[in-house]
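Q: Handing you a structure now.
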Protein chains: 2
Amino acid sequence: MAVVTLYMSDRDQNKTFTDKKEADNYDKMLELAENVSLWMEKEIPGLNEEQVESIGMLLAENKETLLKALKGKPELLIQSEEDKENVTPISASA
Amino acid sequence: MAVVTLYMSDRDQNKTFTDKKEADNYDKMLELAENVSLWMEKEIPGLNEEQVESIGMLLAENKETLLKALKGKPELLIQSEEDKENVTPISASA
């Protein structure tokens, strides 16, 4: 038997990590999701609790894609995962 | 009488601009809103059309705040406009 160190975000006590950096990243992701959810709850009338939470998680889990979308590539938001993998630069297709 | 040049985004033919750059910015904002709306429609079940459109416009109209939020300041999303104006840096409060 040996003792190992575990790390956990206090925002989700069901998930533990052996790597502190991973736990930090998870905590930051949940923090972003929570703030997005509060923003939606305040600004968009008639959303139910599940929708509010789902929108928060969707934005937070896709942070990198959303950043690119906001910086001038909005079409990335509606490309499927499959599309993204199959893209071949024009210069490489000859 | 004189003729003036007007600019308009083909995404919203009700709004004209005398400044081309302003029209460009408005068109880009609407493009982002449309893509966010399509993303919401695809990923979040049960949203009505008005909610889908409102979320798209909310994200697009608050692009700069959202960028900052994604880059590590998620609390900006739920600060009221009033809070933002009243913030005094600690270094300036002495």
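The way I read the labels, and the way they are meant: chains A, B, ... in the order of the structure tokens, residue 1 as the first residue of every chain, and ligand 1 as the first ligand shown, with later ones counted on from there.
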As a PDB file with C-alpha atoms, in the first residue's frame, please: chain B after a least-squares superposition onto chain A using all C-alpha atoms matched in order.
A:
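Saved the output as selection00.pdb:
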```pdb
ATOM      1  CA  MET B   1      -0.002   0.025  -0.175  1.00  0.00           C
ATOM      2  CA  ALA B   2       1.197   3.498  -0.951  1.00  0.00           C
ATOM      3  CA  VAL B   3      -0.227   6.939  -0.453  1.00  0.00           C
ATOM      4  CA  VAL B   4      -0.802   9.044  -3.546  1.00  0.00           C
ATOM      5  CA  THR B   5      -1.588  12.745  -3.725  1.00  0.00           C
ATOM      6  CA  LEU B   6      -4.886  13.625  -5.332  1.00  0.00           C
ATOM      7  CA  TYR B   7      -6.146  17.002  -6.496  1.00  0.00           C
ATOM      8  CA  MET B   8      -9.758  18.084  -6.774  1.00  0.00           C
ATOM      9  CA  SER B   9     -11.616  21.259  -7.744  1.00  0.00           C
ATOM     10  CA  ASP B  10     -13.946  22.386  -4.954  1.00  0.00           C
ATOM     11  CA  ARG B  11     -16.475  23.086  -7.721  1.00  0.00           C
ATOM     12  CA  ASP B  12     -16.816  19.355  -8.466  1.00  0.00           C
ATOM     13  CA  GLN B  13     -15.926  17.030  -5.622  1.00  0.00           C
ATOM     14  CA  ASN B  14     -16.676  13.934  -7.673  1.00  0.00           C
ATOM     15  CA  LYS B  15     -13.605  14.232  -9.836  1.00  0.00           C
ATOM     16  CA  THR B  16     -10.025  13.797  -8.647  1.00  0.00           C
ATOM     17  CA  PHE B  17      -6.750  14.152 -10.495  1.00  0.00           C
ATOM     18  CA  THR B  18      -3.241  12.876  -9.826  1.00  0.00           C
ATOM     19  CA  ASP B  19      -1.830  15.790 -11.804  1.00  0.00           C
ATOM     20  CA  LYS B  20      -2.221  19.223 -10.182  1.00  0.00           C
ATOM     21  CA  LYS B  21      -2.101  21.087 -13.479  1.00  0.00           C
ATOM     22  CA  GLU B  22      -4.966  18.988 -14.829  1.00  0.00           C
ATOM     23  CA  ALA B  23      -6.993  19.748 -11.710  1.00  0.00           C
ATOM     24  CA  ASP B  24      -6.232  23.470 -12.133  1.00  0.00           C
ATOM     25  CA  ASN B  25      -7.369  23.400 -15.739  1.00  0.00           C
ATOM     26  CA  TYR B  26     -10.553  21.574 -14.800  1.00  0.00           C
ATOM     27  CA  ASP B  27     -11.271  24.111 -12.051  1.00  0.00           C
ATOM     28  CA  LYS B  28     -10.756  27.018 -14.459  1.00  0.00           C
ATOM     29  CA  MET B  29     -13.029  25.379 -17.021  1.00  0.00           C
ATOM     30  CA  LEU B  30     -15.778  24.975 -14.396  1.00  0.00           C
ATOM     31  CA  GLU B  31     -15.317  28.577 -13.238  1.00  0.00           C
ATOM     32  CA  LEU B  32     -15.784  29.816 -16.794  1.00  0.00           C
ATOM     33  CA  ALA B  33     -18.842  27.582 -17.249  1.00  0.00           C
ATOM     34  CA  GLU B  34     -20.404  28.915 -14.030  1.00  0.00           C
ATOM     35  CA  ASN B  35     -19.908  32.522 -15.059  1.00  0.00           C
ATOM     36  CA  VAL B  36     -21.311  31.930 -18.538  1.00  0.00           C
ATOM     37  CA  SER B  37     -24.326  30.209 -16.950  1.00  0.00           C
ATOM     38  CA  LEU B  38     -24.962  33.147 -14.598  1.00  0.00           C
ATOM     39  CA  TRP B  39     -24.658  35.513 -17.566  1.00  0.00           C
ATOM     40  CA  MET B  40     -27.221  33.488 -19.567  1.00  0.00           C
ATOM     41  CA  GLU B  41     -29.590  33.311 -16.608  1.00  0.00           C
ATOM     42  CA  LYS B  42     -29.452  37.106 -16.283  1.00  0.00           C
ATOM     43  CA  GLU B  43     -29.699  38.012 -19.966  1.00  0.00           C
ATOM     44  CA  ILE B  44     -31.839  35.363 -21.709  1.00  0.00           C
ATOM     45  CA  PRO B  45     -35.399  35.011 -20.417  1.00  0.00           C
ATOM     46  CA  GLY B  46     -37.084  31.639 -20.082  1.00  0.00           C
ATOM     47  CA  LEU B  47     -34.117  29.271 -20.024  1.00  0.00           C
ATOM     48  CA  ASN B  48     -34.489  26.312 -17.691  1.00  0.00           C
ATOM     49  CA  GLU B  49     -31.738  25.269 -15.288  1.00  0.00           C
ATOM     50  CA  GLU B  50     -30.510  22.455 -17.523  1.00  0.00           C
ATOM     51  CA  GLN B  51     -30.215  24.745 -20.557  1.00  0.00           C
ATOM     52  CA  VAL B  52     -28.377  27.390 -18.511  1.00  0.00           C
ATOM     53  CA  GLU B  53     -25.865  24.783 -17.314  1.00  0.00           C
ATOM     54  CA  SER B  54     -25.478  23.180 -20.742  1.00  0.00           C
ATOM     55  CA  ILE B  55     -24.696  26.509 -22.408  1.00  0.00           C
ATOM     56  CA  GLY B  56     -22.078  27.267 -19.750  1.00  0.00           C
ATOM     57  CA  MET B  57     -20.387  23.909 -20.208  1.00  0.00           C
ATOM     58  CA  LEU B  58     -20.628  24.087 -24.010  1.00  0.00           C
ATOM     59  CA  LEU B  59     -18.818  27.435 -24.154  1.00  0.00           C
ATOM     60  CA  ALA B  60     -16.227  26.457 -21.537  1.00  0.00           C
ATOM     61  CA  GLU B  61     -15.469  23.048 -23.071  1.00  0.00           C
ATOM     62  CA  ASN B  62     -15.065  24.632 -26.507  1.00  0.00           C
ATOM     63  CA  LYS B  63     -13.066  27.637 -25.332  1.00  0.00           C
ATOM     64  CA  GLU B  64     -10.330  27.313 -27.936  1.00  0.00           C
ATOM     65  CA  THR B  65     -12.755  27.012 -30.848  1.00  0.00           C
ATOM     66  CA  LEU B  66     -14.803  29.903 -29.492  1.00  0.00           C
ATOM     67  CA  LEU B  67     -11.692  32.099 -29.201  1.00  0.00           C
ATOM     68  CA  LYS B  68     -10.893  31.437 -32.863  1.00  0.00           C
ATOM     69  CA  ALA B  69     -14.519  32.098 -33.813  1.00  0.00           C
ATOM     70  CA  LEU B  70     -14.523  35.458 -32.009  1.00  0.00           C
ATOM     71  CA  LYS B  71     -11.274  36.392 -33.698  1.00  0.00           C
ATOM     72  CA  GLY B  72     -12.714  36.119 -37.188  1.00  0.00           C
ATOM     73  CA  LYS B  73     -13.528  32.474 -37.919  1.00  0.00           C
ATOM     74  CA  PRO B  74     -17.171  32.147 -36.761  1.00  0.00           C
ATOM     75  CA  GLU B  75     -17.769  29.250 -39.166  1.00  0.00           C
ATOM     76  CA  LEU B  76     -15.610  27.017 -36.921  1.00  0.00           C
ATOM     77  CA  LEU B  77     -18.507  26.847 -34.456  1.00  0.00           C
ATOM     78  CA  ILE B  78     -20.703  24.889 -36.829  1.00  0.00           C
ATOM     79  CA  GLN B  79     -18.085  22.638 -38.385  1.00  0.00           C
ATOM     80  CA  SER B  80     -18.448  19.077 -37.207  1.00  0.00           C
ATOM     81  CA  GLU B  81     -15.478  17.327 -35.614  1.00  0.00           C
ATOM     82  CA  GLU B  82     -15.293  15.181 -38.721  1.00  0.00           C
ATOM     83  CA  ASP B  83     -15.009  18.230 -41.002  1.00  0.00           C
ATOM     84  CA  LYS B  84     -12.194  19.642 -38.906  1.00  0.00           C
ATOM     85  CA  GLU B  85     -10.146  16.461 -39.205  1.00  0.00           C
ATOM     86  CA  ASN B  86     -10.704  16.139 -42.918  1.00  0.00           C
ATOM     87  CA  VAL B  87      -9.659  19.661 -43.832  1.00  0.00           C
ATOM     88  CA  THR B  88      -6.685  19.726 -46.144  1.00  0.00           C
ATOM     89  CA  PRO B  89      -5.029  23.065 -46.810  1.00  0.00           C
ATOM     90  CA  ILE B  90      -5.344  24.041 -50.487  1.00  0.00           C
ATOM     91  CA  SER B  91      -1.586  24.336 -50.731  1.00  0.00           C
ATOM     92  CA  ALA B  92      -1.225  20.683 -49.708  1.00  0.00           C
ATOM     93  CA  SER B  93      -3.833  19.212 -52.046  1.00  0.00           C
ATOM     94  CA  ALA B  94      -1.917  19.364 -55.346  1.00  0.00           C
TER      95      ALA B  94
END
```
Q: Run DSSP on the backbone and give me the residues of range 1-31 of chain B it puts in helix (DSSP H, G or I), as a ChimeraX atom specification.
A: /B:20-31
Q: May I have the residues from that selection written out with N, CA, C and O atoms, as a compact mmCIF listing (two decimals), in the first residue's frame?
A:
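Output contents, as saved in out21.txt:
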```txt
# COMPACT_ATOMS: atom_id res chain seq x y z
N LYS B 20 -18.04 53.04 -44.33
CA LYS B 20 -17.91 51.65 -44.77
C LYS B 20 -17.38 50.75 -43.67
O LYS B 20 -17.79 49.61 -43.50
N LYS B 21 -16.43 51.27 -42.90
CA LYS B 21 -15.84 50.47 -41.83
C LYS B 21 -16.89 50.09 -40.78
O LYS B 21 -16.91 48.96 -40.29
N GLU B 22 -17.76 51.02 -40.49
CA GLU B 22 -18.85 50.72 -39.54
C GLU B 22 -19.77 49.63 -40.07
O GLU B 22 -20.21 48.75 -39.34
N ALA B 23 -20.05 49.71 -41.38
CA ALA B 23 -20.90 48.69 -42.00
C ALA B 23 -20.21 47.32 -41.97
O ALA B 23 -20.83 46.30 -41.69
N ASP B 24 -18.90 47.32 -42.23
CA ASP B 24 -18.11 46.08 -42.16
C ASP B 24 -18.19 45.47 -40.76
O ASP B 24 -18.40 44.27 -40.60
N ASN B 25 -17.97 46.31 -39.76
CA ASN B 25 -18.00 45.82 -38.39
C ASN B 25 -19.37 45.24 -38.02
O ASN B 25 -19.47 44.21 -37.36
N TYR B 26 -20.41 45.93 -38.49
CA TYR B 26 -21.77 45.47 -38.21
C TYR B 26 -22.01 44.12 -38.90
O TYR B 26 -22.57 43.19 -38.30
N ASP B 27 -21.56 43.99 -40.13
CA ASP B 27 -21.71 42.73 -40.86
C ASP B 27 -20.97 41.59 -40.16
O ASP B 27 -21.49 40.48 -40.02
N LYS B 28 -19.77 41.87 -39.69
CA LYS B 28 -18.99 40.83 -38.97
C LYS B 28 -19.68 40.43 -37.68
O LYS B 28 -19.69 39.26 -37.29
N MET B 29 -20.25 41.43 -36.99
CA MET B 29 -20.94 41.14 -35.73
C MET B 29 -22.14 40.22 -36.00
O MET B 29 -22.35 39.23 -35.31
N LEU B 30 -22.90 40.54 -37.07
CA LEU B 30 -24.06 39.71 -37.41
C LEU B 30 -23.65 38.30 -37.86
O LEU B 30 -24.32 37.31 -37.56
N GLU B 31 -22.51 38.21 -38.55
CA GLU B 31 -22.03 36.89 -38.98
C GLU B 31 -21.68 36.03 -37.77
O GLU B 31 -22.03 34.85 -37.70
```
Q: Output as a PyMOL selection string all residues of chain A that backbone DSSP marks as strand (DSSP E).
A: chain A and resi 7-8+16-17
